[in-house]
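> The structure under discussion is supplied below as structure tokens; questions concerning it will follow.
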Amino acid sequence: MYQLLKQIVKTGIKTEAPPMPDEGLRVTAQRLEKAMLDKLGRALAIRHIDAGSCNGCELEIHALSNPYYNIEALGIKFTASPKHADLLLVTGPVAKNMEFALQRAYDCTPAPKLVVAVGDCGCNGGIFGESYASCGRVANVIPVDVAVPGCPPTPQALMVGILTAISGK
Amino acid sequence: MKLLDLDFVPLPGALKAYRASADAAGLMAFAQAVKESGGRFVALWGSDERDLKRGFTLHVAFGIEQGLALLELTLAAEAPEYPDLSEIFPAANRLQRATYDLLGVKARGADSRPWLRHANWPADFFPLRRDADASRQFPPGNEDYEFVRVEGDGVHEIPVGPIHAGIIEPGHFRFSIVGEKVLRLEQRLGWTHKGIEKRFEGLTLQHGARLAGRVSGDSTVAYSWAYCLAAESLGNTVVPARALFLRALFLERERIANHLGDLGYLGNDAALAFGFSQFSRLKEDWLRLSGALFGHRFMMDAIVPGGVACDLPAGGAEKMLAQCDGLESEVHLLKNIYDEHAGLQDRFLTTGRLAPELATLLSIGGLAGRASSQAWDLRTQNPVPPYDRLETQIVIQRNGDVAARVAARFEEIFESLRLIRLLLKDMPAGELAATLAPATEGSSAIGWIEGWRGDVLVSLTAGRDGAIRRCHCQDPSWLAWPALEHAIMGNIVPDFPLINKSFNLSYSGADL
Ligand code: SF4
């Protein structure tokens with residue numbers, strides 16, 4: 001126990017300042033009112049959905065919870081059910097086998113259901129494109145508010161994307 | 001080389017790999033002999049050769065003492081069938097089903113439930129047939145999959161997924177339980193199938209490396225190396241020594257990054273959030289240095305056909321060595337904390353045990369295999385340069401429980417740190433890449449690399465004008481997923497996340 005506490009003290013606080021939103025990532029004009037955005041800005045629940053990614057994007061979404069990005073400190077948390085989510089963070093080209101599940105998760109999410117499409121795959125289908133097995137970009141299946149390019153996008157870029165989705169008015 | 005009356009010819013390249021044609025009886029006899037002599041089933045896939053008037057070909061790879069033995073069986077163009085290998089190696093089951101879904105060649109009398117096809121394309125559409133139009137889109141279907149039912153007093157089912165509660169890839173798990181105890185787990189995977197093997201067709205040998213590096217993002221280095229090894233073997237490209245050293249450096253950095261991440265989550269899943277914050281911090285430091293030195297945090301596309309795309313910048317070796325020293329002492333300290341934490345050990349020990357005999361039966365290799373006494377590690381048994389001079393120490397644990405898989409990760413981190421120091425010390429000067437030599441149409445080669453999770457195999461056949469004719473990528477998860485079904489039996493449902501994490505298998509890698 002002593003070692004553990006000593007390590008915590010030695011490590012100190014690593015959290016860095018969050019980045020600023022970037023209007024360039026917006027796909028659909030901000031639909032929400034300022035009062036609503038102010039609320040979400042302090043307490044946002046995100047449901048992550050892997051719709052067919054290579055799992056590279058997931059590595060960087062995981063990184064958002066490490067002490068450097070510490071996304072929870074911004075009042076943003078990942079939730080286990082789309083029913084509790086304000087925002088869906090969707091990765092991958094949408095695999096045909098996931099099309100139905102993604103659509104259902106979207107339907108279960110209460111309004112205003114913001115959607116952030118993640119990675120080159122989420123933005124445009126990426127290297128996998130469209131085929132018998134892939135529907136391509138996320139916007140081909142559900143409406144998208146913000147799209148974050150990158151393969152995978154860095155945690156910083158993901159934060160910018162998420163913060164953009166809840167800012168703008 | 002002659003084995004059991006089969007004539008094996010060496011495949012091109014640095015790997016010890018041999019190929020032979022066999023008939024159905026010869027294949028089964030060989031498989032039986034491999035099993036009896038302690039060898040391992042490694043991979044199975046098919047290819048359409050009807051345009052060459054050769055029907056279809058079934059390819060089956062085994063790991064034997066001499067290296068990789070690849071058997072090829074020619075199948076009829078009409079109603080192609082082959083004997084059910086899962087009778088000898090149960091691990092063949094899902095691969096046989098996937099091969100049917102993609103190519104329409106059938107294992108006679110075997111489990112015929114679909115695997116990759118989830119009713120989202122018609123049952124008579126076989127995408128890997130050369131005349132199949134991959135751009136066709138079909139209306140989504142609604143699948144009624146036949147799970148195996150467990151009957152009995154008080155037995156009920158918990159269906160989970162495809163979308164899971166955490167930040168994980170999609171899959172479906174069907175638990176049959178009594179009270180809290182798991183009687184049976186059945187997995188239904190294939191959700192992230194995105195047509196990768198069809199996508200390879202028509203890409204150039206050069207461009208295929210990018211796609212290979214995205215089969216399973218967490219193993220991008222292992223995949224791109226395995227792919228490039230195959231592509232280079234086709235035309236005997238000589239890769240500069242410096243590039244080979246850099247590849248090994250990337251691969252060991254990938255191994256450490258993933259092990260650090262897993263150790264953090266394993267602590268977290270056993271209610272020690274401290275473990276997560278410490279290890280995820282170390283992982284972030286590690287990724288940042290990879291990003292700073294090589295331009296990408298996961299070193300995607302750093303390995304290219306012919307060599308590598310980036311050099312170690314000036315001062316990079318010193319930074320890396322300093323980081324290795326720092327990491328080593330921190331991981332030692334955290335290992336002590338993990339070892340002495342009673343709550344953690346209580347959750348780890350005896351949980352999710354995969355007995356060595358079962359691991360052998362299931363042909364599981366890689367980290368999870370080594371944690372159940374399966375002594376397979378390509379870096380020692382079939383080393384490609386520079387591993388032929390590194391004398392990698394294989395890490396073996398005997399208990400097969402979560403604790404063993406945790407211990408194996410700790411030990412492998414220390415061994416990889418040793419390898420990184422060695423690579424930096426002996427790094428030769430010189431070129432970063434050679435031009436990829438052209439490949440003869442129809443020639444094929446294998447790449448086989450020990451990634452952090454296990455052995456990644458890529459089989460590559462050249463087409464016309466530098467294009468890919470067929471590329472099969474095999475993730476170690478294919479053989480490890482069924483092992484997880486066994487490891488959970490008799491454990492309680494709340495321990496599933498921990499056990500699952502201790503294997504940490506790829507969905508995308510096996511869904512293709
Ligand atoms: S964007 Fe890149 S990292 Fe993300 S899922 Fe696609 S290929 Fe993988």
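As shown in the structure tokens, the chain order sets the letters A, B, ...; within each chain, residues go from 1, and ligands are also counted from 1 in the order they appear.
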Determine which residues of region 9-164 of chain A receive a DSSP assignment of alpha helix (DSSP H), computed from the backbone, and state them as a tab-separated table (two decimals) with all heavy atoms, in the first residue's frame.


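Listed below is the output, selection.tsv:
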```tsv
chain	number	residue	atom	x	y	z
A	9	VAL	N	1.78	9.75	-5.62
A	9	VAL	CA	2.33	11.07	-5.31
A	9	VAL	C	3.44	11.41	-6.30
A	9	VAL	O	3.51	12.53	-6.83
A	9	VAL	CB	2.85	11.10	-3.86
A	9	VAL	CG1	3.59	12.41	-3.59
A	9	VAL	CG2	1.69	10.91	-2.89
A	10	LYS	N	4.29	10.43	-6.58
A	10	LYS	CA	5.41	10.66	-7.48
A	10	LYS	C	4.93	11.01	-8.89
A	10	LYS	O	5.51	11.85	-9.57
A	10	LYS	CB	6.30	9.40	-7.52
A	10	LYS	CG	7.72	9.69	-7.98
A	10	LYS	CD	8.55	8.41	-8.02
A	10	LYS	CE	8.52	7.83	-9.43
A	10	LYS	NZ	8.87	6.45	-9.53
A	11	THR	N	3.87	10.33	-9.32
A	11	THR	CA	3.36	10.57	-10.68
A	11	THR	C	2.78	11.97	-10.82
A	11	THR	O	2.96	12.63	-11.83
A	11	THR	CB	2.26	9.54	-11.02
A	11	THR	OG1	2.80	8.24	-10.79
A	11	THR	CG2	1.83	9.65	-12.47
A	34	LYS	N	-28.08	27.28	-27.72
A	34	LYS	CA	-26.97	27.57	-26.82
A	34	LYS	C	-27.19	26.99	-25.42
A	34	LYS	O	-26.28	26.40	-24.84
A	34	LYS	CB	-26.76	29.08	-26.73
A	34	LYS	CG	-25.58	29.45	-25.85
A	34	LYS	CD	-25.12	30.86	-26.04
A	34	LYS	CE	-23.85	31.14	-25.25
A	34	LYS	NZ	-23.83	30.63	-23.89
A	35	ALA	N	-28.43	27.12	-24.92
A	35	ALA	CA	-28.70	26.65	-23.56
A	35	ALA	C	-28.41	25.15	-23.45
A	35	ALA	O	-27.82	24.68	-22.47
A	35	ALA	CB	-30.15	26.93	-23.20
A	36	MET	N	-28.80	24.43	-24.47
A	36	MET	CA	-28.58	23.00	-24.49
A	36	MET	C	-27.08	22.69	-24.57
A	36	MET	O	-26.56	21.83	-23.85
A	36	MET	CB	-29.31	22.41	-25.71
A	36	MET	CG	-29.00	20.97	-25.96
A	36	MET	SD	-29.77	19.93	-24.74
A	36	MET	CE	-30.99	19.14	-25.77
A	37	LEU	N	-26.38	23.41	-25.44
A	37	LEU	CA	-24.94	23.17	-25.59
A	37	LEU	C	-24.21	23.44	-24.29
A	37	LEU	O	-23.28	22.73	-23.93
A	37	LEU	CB	-24.38	24.05	-26.72
A	37	LEU	CG	-24.86	23.66	-28.12
A	37	LEU	CD1	-24.42	24.72	-29.13
A	37	LEU	CD2	-24.31	22.30	-28.51
A	38	ASP	N	-24.63	24.47	-23.57
A	38	ASP	CA	-23.98	24.78	-22.30
A	38	ASP	C	-24.11	23.62	-21.33
A	38	ASP	O	-23.19	23.29	-20.59
A	38	ASP	CB	-24.59	26.05	-21.69
A	38	ASP	CG	-24.14	27.30	-22.45
A	38	ASP	OD1	-23.20	27.16	-23.27
A	38	ASP	OD2	-24.74	28.37	-22.25
A	39	LYS	N	-25.29	22.99	-21.36
A	39	LYS	CA	-25.49	21.85	-20.46
A	39	LYS	C	-24.61	20.68	-20.88
A	39	LYS	O	-23.91	20.07	-20.09
A	39	LYS	CB	-26.96	21.41	-20.47
A	39	LYS	CG	-27.88	22.31	-19.71
A	39	LYS	CD	-29.13	21.57	-19.29
A	39	LYS	CE	-30.07	22.49	-18.52
A	39	LYS	NZ	-30.64	23.55	-19.38
A	40	LEU	N	-24.66	20.34	-22.18
A	40	LEU	CA	-23.87	19.21	-22.66
A	40	LEU	C	-22.38	19.45	-22.44
A	40	LEU	O	-21.61	18.53	-22.20
A	40	LEU	CB	-24.15	18.96	-24.15
A	40	LEU	CG	-25.53	18.41	-24.49
A	40	LEU	CD1	-25.64	18.19	-25.99
A	40	LEU	CD2	-25.80	17.10	-23.76
A	56	GLY	N	-7.97	0.15	-34.84
A	56	GLY	CA	-6.98	1.21	-34.64
A	56	GLY	C	-7.63	2.44	-34.01
A	56	GLY	O	-7.08	3.04	-33.08
A	57	CYS	N	-8.80	2.82	-34.49
A	57	CYS	CA	-9.48	3.99	-33.93
A	57	CYS	C	-9.82	3.77	-32.46
A	57	CYS	O	-9.77	4.69	-31.66
A	57	CYS	CB	-10.74	4.29	-34.73
A	57	CYS	SG	-10.41	5.12	-36.31
A	58	GLU	N	-10.16	2.53	-32.11
A	58	GLU	CA	-10.50	2.22	-30.71
A	58	GLU	C	-9.31	2.48	-29.79
A	58	GLU	O	-9.46	2.92	-28.66
A	58	GLU	CB	-10.94	0.76	-30.56
A	58	GLU	CG	-12.40	0.52	-30.89
A	58	GLU	CD	-12.78	0.89	-32.31
A	58	GLU	OE1	-11.96	0.71	-33.22
A	58	GLU	OE2	-13.90	1.38	-32.51
A	59	LEU	N	-8.09	2.20	-30.29
A	59	LEU	CA	-6.91	2.41	-29.44
A	59	LEU	C	-6.85	3.87	-29.01
A	59	LEU	O	-6.52	4.18	-27.86
A	59	LEU	CB	-5.64	2.04	-30.21
A	59	LEU	CG	-5.50	0.57	-30.64
A	59	LEU	CD1	-4.24	0.40	-31.49
A	59	LEU	CD2	-5.45	-0.36	-29.43
A	60	GLU	N	-7.16	4.77	-29.93
A	60	GLU	CA	-7.06	6.20	-29.60
A	60	GLU	C	-8.26	6.67	-28.78
A	60	GLU	O	-8.14	7.60	-27.98
A	60	GLU	CB	-6.90	7.03	-30.88
A	60	GLU	CG	-5.59	6.76	-31.61
A	60	GLU	CD	-4.32	7.13	-30.84
A	60	GLU	OE1	-4.23	6.80	-29.64
A	60	GLU	OE2	-3.42	7.73	-31.44
A	61	ILE	N	-9.40	6.03	-28.96
A	61	ILE	CA	-10.55	6.38	-28.10
A	61	ILE	C	-10.24	5.95	-26.66
A	61	ILE	O	-10.52	6.68	-25.70
A	61	ILE	CB	-11.85	5.74	-28.62
A	61	ILE	CG1	-12.17	6.31	-30.01
A	61	ILE	CG2	-13.00	5.98	-27.65
A	61	ILE	CD1	-13.37	5.68	-30.68
A	62	HIS	N	-9.61	4.78	-26.51
A	62	HIS	CA	-9.18	4.35	-25.18
A	62	HIS	C	-8.23	5.37	-24.56
A	62	HIS	O	-8.31	5.67	-23.38
A	62	HIS	CB	-8.46	3.00	-25.27
A	62	HIS	CG	-9.38	1.83	-25.29
A	62	HIS	ND1	-10.08	1.43	-24.17
A	62	HIS	CD2	-9.73	0.97	-26.27
A	62	HIS	CE1	-10.82	0.38	-24.49
A	62	HIS	NE2	-10.64	0.08	-25.75
A	63	ALA	N	-7.35	5.89	-25.40
A	63	ALA	CA	-6.34	6.82	-24.88
A	63	ALA	C	-6.98	8.06	-24.27
A	63	ALA	O	-6.40	8.70	-23.39
A	63	ALA	CB	-5.36	7.20	-25.98
A	96	LYS	N	-21.51	-4.29	-43.47
A	96	LYS	CA	-22.89	-4.71	-43.78
A	96	LYS	C	-23.49	-5.45	-42.59
A	96	LYS	O	-24.66	-5.28	-42.25
A	96	LYS	CB	-22.88	-5.64	-44.99
A	96	LYS	CG	-23.08	-4.92	-46.29
A	96	LYS	CD	-24.57	-4.87	-46.61
A	96	LYS	CE	-24.81	-3.85	-47.71
A	96	LYS	NZ	-26.23	-3.49	-47.77
A	97	ASN	N	-22.65	-6.27	-41.96
A	97	ASN	CA	-23.15	-7.06	-40.84
A	97	ASN	C	-23.48	-6.21	-39.62
A	97	ASN	O	-24.11	-6.69	-38.68
A	97	ASN	CB	-22.13	-8.15	-40.45
A	97	ASN	CG	-22.05	-9.26	-41.49
A	97	ASN	OD1	-22.90	-9.33	-42.38
A	97	ASN	ND2	-21.04	-10.11	-41.38
A	98	MET	N	-23.02	-4.95	-39.61
A	98	MET	CA	-23.30	-4.05	-38.48
A	98	MET	C	-24.33	-2.99	-38.82
A	98	MET	O	-24.72	-2.20	-37.96
A	98	MET	CB	-22.00	-3.37	-38.02
A	98	MET	CG	-21.10	-4.22	-37.17
A	98	MET	SD	-21.91	-4.78	-35.65
A	98	MET	CE	-22.03	-3.23	-34.74
A	99	GLU	N	-24.79	-2.96	-40.06
A	99	GLU	CA	-25.69	-1.89	-40.49
A	99	GLU	C	-26.96	-1.85	-39.62
A	99	GLU	O	-27.35	-0.81	-39.11
A	99	GLU	CB	-26.06	-2.13	-41.97
A	99	GLU	CG	-26.94	-1.05	-42.56
A	99	GLU	CD	-27.30	-1.34	-44.02
A	99	GLU	OE1	-26.85	-2.38	-44.57
A	99	GLU	OE2	-28.05	-0.54	-44.59
A	100	PHE	N	-27.54	-3.00	-39.43
A	100	PHE	CA	-28.78	-3.10	-38.67
A	100	PHE	C	-28.55	-2.71	-37.20
A	100	PHE	O	-29.33	-1.93	-36.62
A	100	PHE	CB	-29.30	-4.54	-38.79
A	100	PHE	CG	-30.61	-4.78	-38.13
A	100	PHE	CD1	-31.76	-4.13	-38.56
A	100	PHE	CD2	-30.71	-5.70	-37.08
A	100	PHE	CE1	-32.98	-4.37	-37.94
A	100	PHE	CE2	-31.92	-5.94	-36.46
A	100	PHE	CZ	-33.06	-5.27	-36.88
A	101	ALA	N	-27.47	-3.20	-36.63
A	101	ALA	CA	-27.17	-2.90	-35.22
A	101	ALA	C	-26.92	-1.40	-35.03
A	101	ALA	O	-27.37	-0.80	-34.04
A	101	ALA	CB	-25.97	-3.71	-34.74
A	102	LEU	N	-26.21	-0.80	-35.96
A	102	LEU	CA	-25.92	0.64	-35.85
A	102	LEU	C	-27.22	1.44	-35.94
A	102	LEU	O	-27.47	2.36	-35.16
A	102	LEU	CB	-24.95	1.08	-36.95
A	102	LEU	CG	-24.69	2.58	-37.04
A	102	LEU	CD1	-24.05	3.11	-35.76
A	102	LEU	CD2	-23.78	2.91	-38.24
A	103	GLN	N	-28.06	1.06	-36.90
A	103	GLN	CA	-29.33	1.74	-37.07
A	103	GLN	C	-30.17	1.63	-35.80
A	103	GLN	O	-30.75	2.60	-35.32
A	103	GLN	CB	-30.07	1.11	-38.26
A	103	GLN	CG	-31.36	1.81	-38.63
A	103	GLN	CD	-31.12	3.23	-39.17
A	103	GLN	OE1	-30.37	3.42	-40.12
A	103	GLN	NE2	-31.74	4.21	-38.54
A	104	ARG	N	-30.16	0.45	-35.22
A	104	ARG	CA	-30.95	0.24	-33.99
A	104	ARG	C	-30.42	1.05	-32.83
A	104	ARG	O	-31.18	1.62	-32.05
A	104	ARG	CB	-30.99	-1.24	-33.63
A	104	ARG	CG	-32.11	-1.91	-34.36
A	104	ARG	CD	-32.54	-3.22	-33.83
A	104	ARG	NE	-32.71	-3.41	-32.41
A	104	ARG	CZ	-32.93	-4.60	-31.88
A	104	ARG	NH1	-32.97	-5.67	-32.64
A	104	ARG	NH2	-33.09	-4.74	-30.59
A	105	ALA	N	-29.10	1.08	-32.71
A	105	ALA	CA	-28.50	1.87	-31.62
A	105	ALA	C	-28.86	3.34	-31.79
A	105	ALA	O	-29.18	4.04	-30.83
A	105	ALA	CB	-26.99	1.68	-31.60
A	106	TYR	N	-28.83	3.80	-33.03
A	106	TYR	CA	-29.18	5.20	-33.32
A	106	TYR	C	-30.64	5.46	-32.94
A	106	TYR	O	-30.97	6.45	-32.29
A	106	TYR	CB	-28.94	5.50	-34.80
A	106	TYR	CG	-29.27	6.92	-35.20
A	106	TYR	CD1	-28.39	7.95	-34.91
A	106	TYR	CD2	-30.46	7.22	-35.86
A	106	TYR	CE1	-28.69	9.26	-35.26
A	106	TYR	CE2	-30.76	8.53	-36.22
A	106	TYR	CZ	-29.87	9.55	-35.91
A	106	TYR	OH	-30.17	10.84	-36.26
A	107	ASP	N	-31.51	4.53	-33.31
A	107	ASP	CA	-32.93	4.69	-32.99
A	107	ASP	C	-33.17	4.73	-31.48
A	107	ASP	O	-34.06	5.41	-31.00
A	107	ASP	CB	-33.75	3.55	-33.62
A	107	ASP	CG	-33.76	3.63	-35.14
A	107	ASP	OD1	-33.42	4.70	-35.68
A	107	ASP	OD2	-34.09	2.62	-35.79
A	108	CYS	N	-32.36	3.98	-30.74
A	108	CYS	CA	-32.52	3.91	-29.27
A	108	CYS	C	-31.99	5.15	-28.56
A	108	CYS	O	-32.28	5.37	-27.39
A	108	CYS	CB	-31.73	2.73	-28.70
A	108	CYS	SG	-32.46	1.16	-29.07
A	119	GLY	N	-12.40	8.75	-37.90
A	119	GLY	CA	-11.39	8.15	-38.76
A	119	GLY	C	-11.69	8.27	-40.24
A	119	GLY	O	-12.82	8.58	-40.64
A	120	ASP	N	-10.67	8.02	-41.03
A	120	ASP	CA	-10.86	8.07	-42.49
A	120	ASP	C	-11.98	7.12	-42.90
A	120	ASP	O	-12.76	7.42	-43.81
A	120	ASP	CB	-9.56	7.68	-43.21
A	120	ASP	CG	-8.49	8.75	-43.09
A	120	ASP	OD1	-8.81	9.85	-42.56
A	120	ASP	OD2	-7.35	8.51	-43.50
A	121	CYS	N	-12.07	5.99	-42.23
A	121	CYS	CA	-13.11	5.02	-42.57
A	121	CYS	C	-14.49	5.58	-42.27
A	121	CYS	O	-15.40	5.47	-43.09
A	121	CYS	CB	-12.92	3.73	-41.78
A	121	CYS	SG	-11.47	2.83	-42.28
A	122	GLY	N	-14.65	6.19	-41.10
A	122	GLY	CA	-15.94	6.76	-40.74
A	122	GLY	C	-16.29	7.94	-41.64
A	122	GLY	O	-17.46	8.19	-41.94
A	123	CYS	N	-15.27	8.70	-42.09
A	123	CYS	CA	-15.50	9.89	-42.92
A	123	CYS	C	-15.85	9.53	-44.35
A	123	CYS	O	-16.71	10.15	-44.96
A	123	CYS	CB	-14.26	10.77	-42.94
A	123	CYS	SG	-13.90	11.54	-41.37
A	124	ASN	N	-15.14	8.52	-44.92
A	124	ASN	CA	-15.36	8.25	-46.35
A	124	ASN	C	-15.22	6.77	-46.71
A	124	ASN	O	-15.09	6.44	-47.89
A	124	ASN	CB	-14.41	9.10	-47.20
A	124	ASN	CG	-12.95	8.82	-46.85
A	124	ASN	OD1	-12.59	7.70	-46.48
A	124	ASN	ND2	-12.11	9.82	-46.96
A	155	PRO	N	-5.71	11.21	-30.26
A	155	PRO	CA	-6.65	11.54	-29.17
A	155	PRO	C	-6.99	13.03	-29.18
A	155	PRO	O	-8.14	13.41	-28.95
A	155	PRO	CB	-5.88	11.16	-27.91
A	155	PRO	CG	-4.87	10.16	-28.34
A	155	PRO	CD	-4.53	10.50	-29.76
A	156	GLN	N	-5.97	13.83	-29.48
A	156	GLN	CA	-6.19	15.28	-29.57
A	156	GLN	C	-7.28	15.60	-30.60
A	156	GLN	O	-8.21	16.36	-30.33
A	156	GLN	CB	-4.87	15.92	-30.03
A	156	GLN	CG	-4.72	17.36	-29.69
A	156	GLN	CD	-3.98	17.50	-28.37
A	156	GLN	OE1	-3.25	16.59	-28.00
A	156	GLN	NE2	-4.17	18.60	-27.67
A	157	ALA	N	-7.16	14.99	-31.78
A	157	ALA	CA	-8.12	15.24	-32.85
A	157	ALA	C	-9.51	14.76	-32.45
A	157	ALA	O	-10.52	15.40	-32.76
A	157	ALA	CB	-7.66	14.56	-34.14
A	158	LEU	N	-9.57	13.64	-31.74
A	158	LEU	CA	-10.87	13.13	-31.28
A	158	LEU	C	-11.51	14.10	-30.32
A	158	LEU	O	-12.72	14.37	-30.37
A	158	LEU	CB	-10.68	11.77	-30.60
A	158	LEU	CG	-10.35	10.60	-31.53
A	158	LEU	CD1	-9.92	9.38	-30.71
A	158	LEU	CD2	-11.56	10.25	-32.39
A	159	MET	N	-10.69	14.67	-29.42
A	159	MET	CA	-11.21	15.66	-28.46
A	159	MET	C	-11.76	16.86	-29.20
A	159	MET	O	-12.85	17.36	-28.88
A	159	MET	CB	-10.08	16.12	-27.54
A	159	MET	CG	-9.61	15.05	-26.61
A	159	MET	SD	-9.95	15.43	-24.95
A	159	MET	CE	-8.82	16.24	-24.16
A	160	VAL	N	-11.01	17.32	-30.20
A	160	VAL	CA	-11.48	18.46	-30.99
A	160	VAL	C	-12.83	18.13	-31.61
A	160	VAL	O	-13.77	18.94	-31.54
A	160	VAL	CB	-10.45	18.83	-32.09
A	160	VAL	CG1	-11.02	19.91	-33.00
A	160	VAL	CG2	-9.14	19.28	-31.48
A	161	GLY	N	-12.96	16.94	-32.18
A	161	GLY	CA	-14.21	16.54	-32.81
A	161	GLY	C	-15.37	16.52	-31.83
A	161	GLY	O	-16.45	17.05	-32.11
A	162	ILE	N	-15.14	15.94	-30.67
A	162	ILE	CA	-16.21	15.84	-29.67
A	162	ILE	C	-16.60	17.23	-29.18
A	162	ILE	O	-17.78	17.58	-29.08
A	162	ILE	CB	-15.76	14.94	-28.49
A	162	ILE	CG1	-15.58	13.49	-28.98
A	162	ILE	CG2	-16.75	15.01	-27.34
A	162	ILE	CD1	-14.81	12.60	-28.02
A	163	LEU	N	-15.58	18.07	-28.92
A	163	LEU	CA	-15.87	19.41	-28.42
A	163	LEU	C	-16.56	20.26	-29.49
A	163	LEU	O	-17.40	21.10	-29.17
A	163	LEU	CB	-14.58	20.09	-27.93
A	163	LEU	CG	-13.94	19.41	-26.71
A	163	LEU	CD1	-12.60	20.06	-26.35
A	163	LEU	CD2	-14.89	19.45	-25.49
A	164	THR	N	-16.22	20.02	-30.75
A	164	THR	CA	-16.90	20.74	-31.83
A	164	THR	C	-18.40	20.39	-31.85
A	164	THR	O	-19.25	21.27	-32.03
A	164	THR	CB	-16.27	20.40	-33.20
A	164	THR	OG1	-14.87	20.68	-33.14
A	164	THR	CG2	-16.90	21.23	-34.33
```

> Under the rule of at most 6 Å, produce a per-residue listing of chain A near chain B: chain, number, name, the closest pair of atoms, and the distance in Å, as a tab-separated table, using only C-alpha atoms.


```
residue	atom	partner	partner_atom	distance
A:Asp50	CA	B:Glu169	CA	5.6
A:Gly52	CA	B:Thr192	CA	4.2
A:Cys54	CA	B:Ser216	CA	5.0
A:Asn55	CA	B:Gly217	CA	5.2
A:Gly56	CA	B:Gly217	CA	4.1
A:Asn66	CA	B:Ser280	CA	5.4
A:Ala80	CA	B:Ala165	CA	4.3
A:Ala95	CA	B:Lys194	CA	5.3
A:Asn97	CA	B:Trp191	CA	5.0
A:Met98	CA	B:Trp191	CA	5.8
A:Ser131	CA	B:Ser135	CA	4.5
A:Tyr132	CA	B:Gln137	CA	4.7
A:Ala133	CA	B:Lys194	CA	4.8
A:Ser134	CA	B:Lys194	CA	5.1
```

> Which residues come within 12 Å of region 490-495 of chain B, counting only C-alpha atoms, excluding same-chain residues fewer than 3 positions away, as a ChimeraX atom specification?

/B:157-160,173-185,266,269-271,346-354,401-402,484-487,498-502

> Just want the 8 Å neighbourhood of Met299 (chain B), counted on only C-alpha atoms, with same-chain residues fewer than 6 positions away dropped. Output as an mmCIF file with N, CA and C atoms, in the first residue's frame.


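Result went into out.cif, see below:
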```cif
data_model
loop_
_atom_site.group_PDB
_atom_site.id
_atom_site.type_symbol
_atom_site.label_atom_id
_atom_site.label_comp_id
_atom_site.auth_asym_id
_atom_site.auth_seq_id
_atom_site.Cartn_x
_atom_site.Cartn_y
_atom_site.Cartn_z
ATOM 1 N N THR B 220 -0.703 -3.607 -36.458
ATOM 2 C CA THR B 220 -0.395 -3.100 -37.794
ATOM 3 C C THR B 220 1.034 -3.417 -38.218
ATOM 4 N N VAL B 221 1.978 -3.368 -37.267
ATOM 5 C CA VAL B 221 3.371 -3.646 -37.627
ATOM 6 C C VAL B 221 3.534 -5.118 -38.012
ATOM 7 N N PHE B 250 10.283 -1.736 -34.561
ATOM 8 C CA PHE B 250 8.856 -1.390 -34.604
ATOM 9 C C PHE B 250 8.030 -2.507 -33.966
ATOM 10 N N SER B 290 7.025 6.972 -30.174
ATOM 11 C CA SER B 290 6.917 6.355 -31.509
ATOM 12 C C SER B 290 6.458 7.396 -32.515
ATOM 13 N N GLY B 291 5.473 8.190 -32.118
ATOM 14 C CA GLY B 291 4.953 9.230 -33.005
ATOM 15 C C GLY B 291 6.030 10.261 -33.338
#
```

> May I have all residues of chain A that DSSP, computed from the backbone, assigns to strand (DSSP E or B), given as a PyMOL selection string?

chain A and resi 26+44-50+76-78+87-91+95+114-118+130+134-135+146-148

> Have a look at A:Ala29, A:Val94, A:Val116, A:Ala43 and name the one nearest to Gly136 (chain A); count only C-alpha atoms.

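Distance minimum relative to Gly136 (chain A) lands on A:Val94.
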
> Using only C-alpha atoms and all ligand atoms, which of B:Gly315, B:Ala445, B:Ala212, B:Phe30 sits nearest ligand 1?

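Among B:Gly315, B:Ala445, B:Ala212, B:Phe30, it is B:Ala212 that comes nearest to ligand 1.
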
> Between CA of Leu71 (chain B) and CA of Leu234 (chain B), what is the spacing in Å?

18.3 Å

> What does the distance from CA of Ala437 (chain B) to CA of Arg389 (chain B) come to in Å, to one decimal?

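These two atoms are separated by 25.8 Å.
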
> Set the distance at 6 Å and use only C-alpha atoms: which residues neighbour Leu460 (chain B) once local chain neighbours fewer than 3 positions away are removed? I'd like the list as a list in words.

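The residues that qualify are Ser444, Ala445, Arg470 and Cys471 of chain B.
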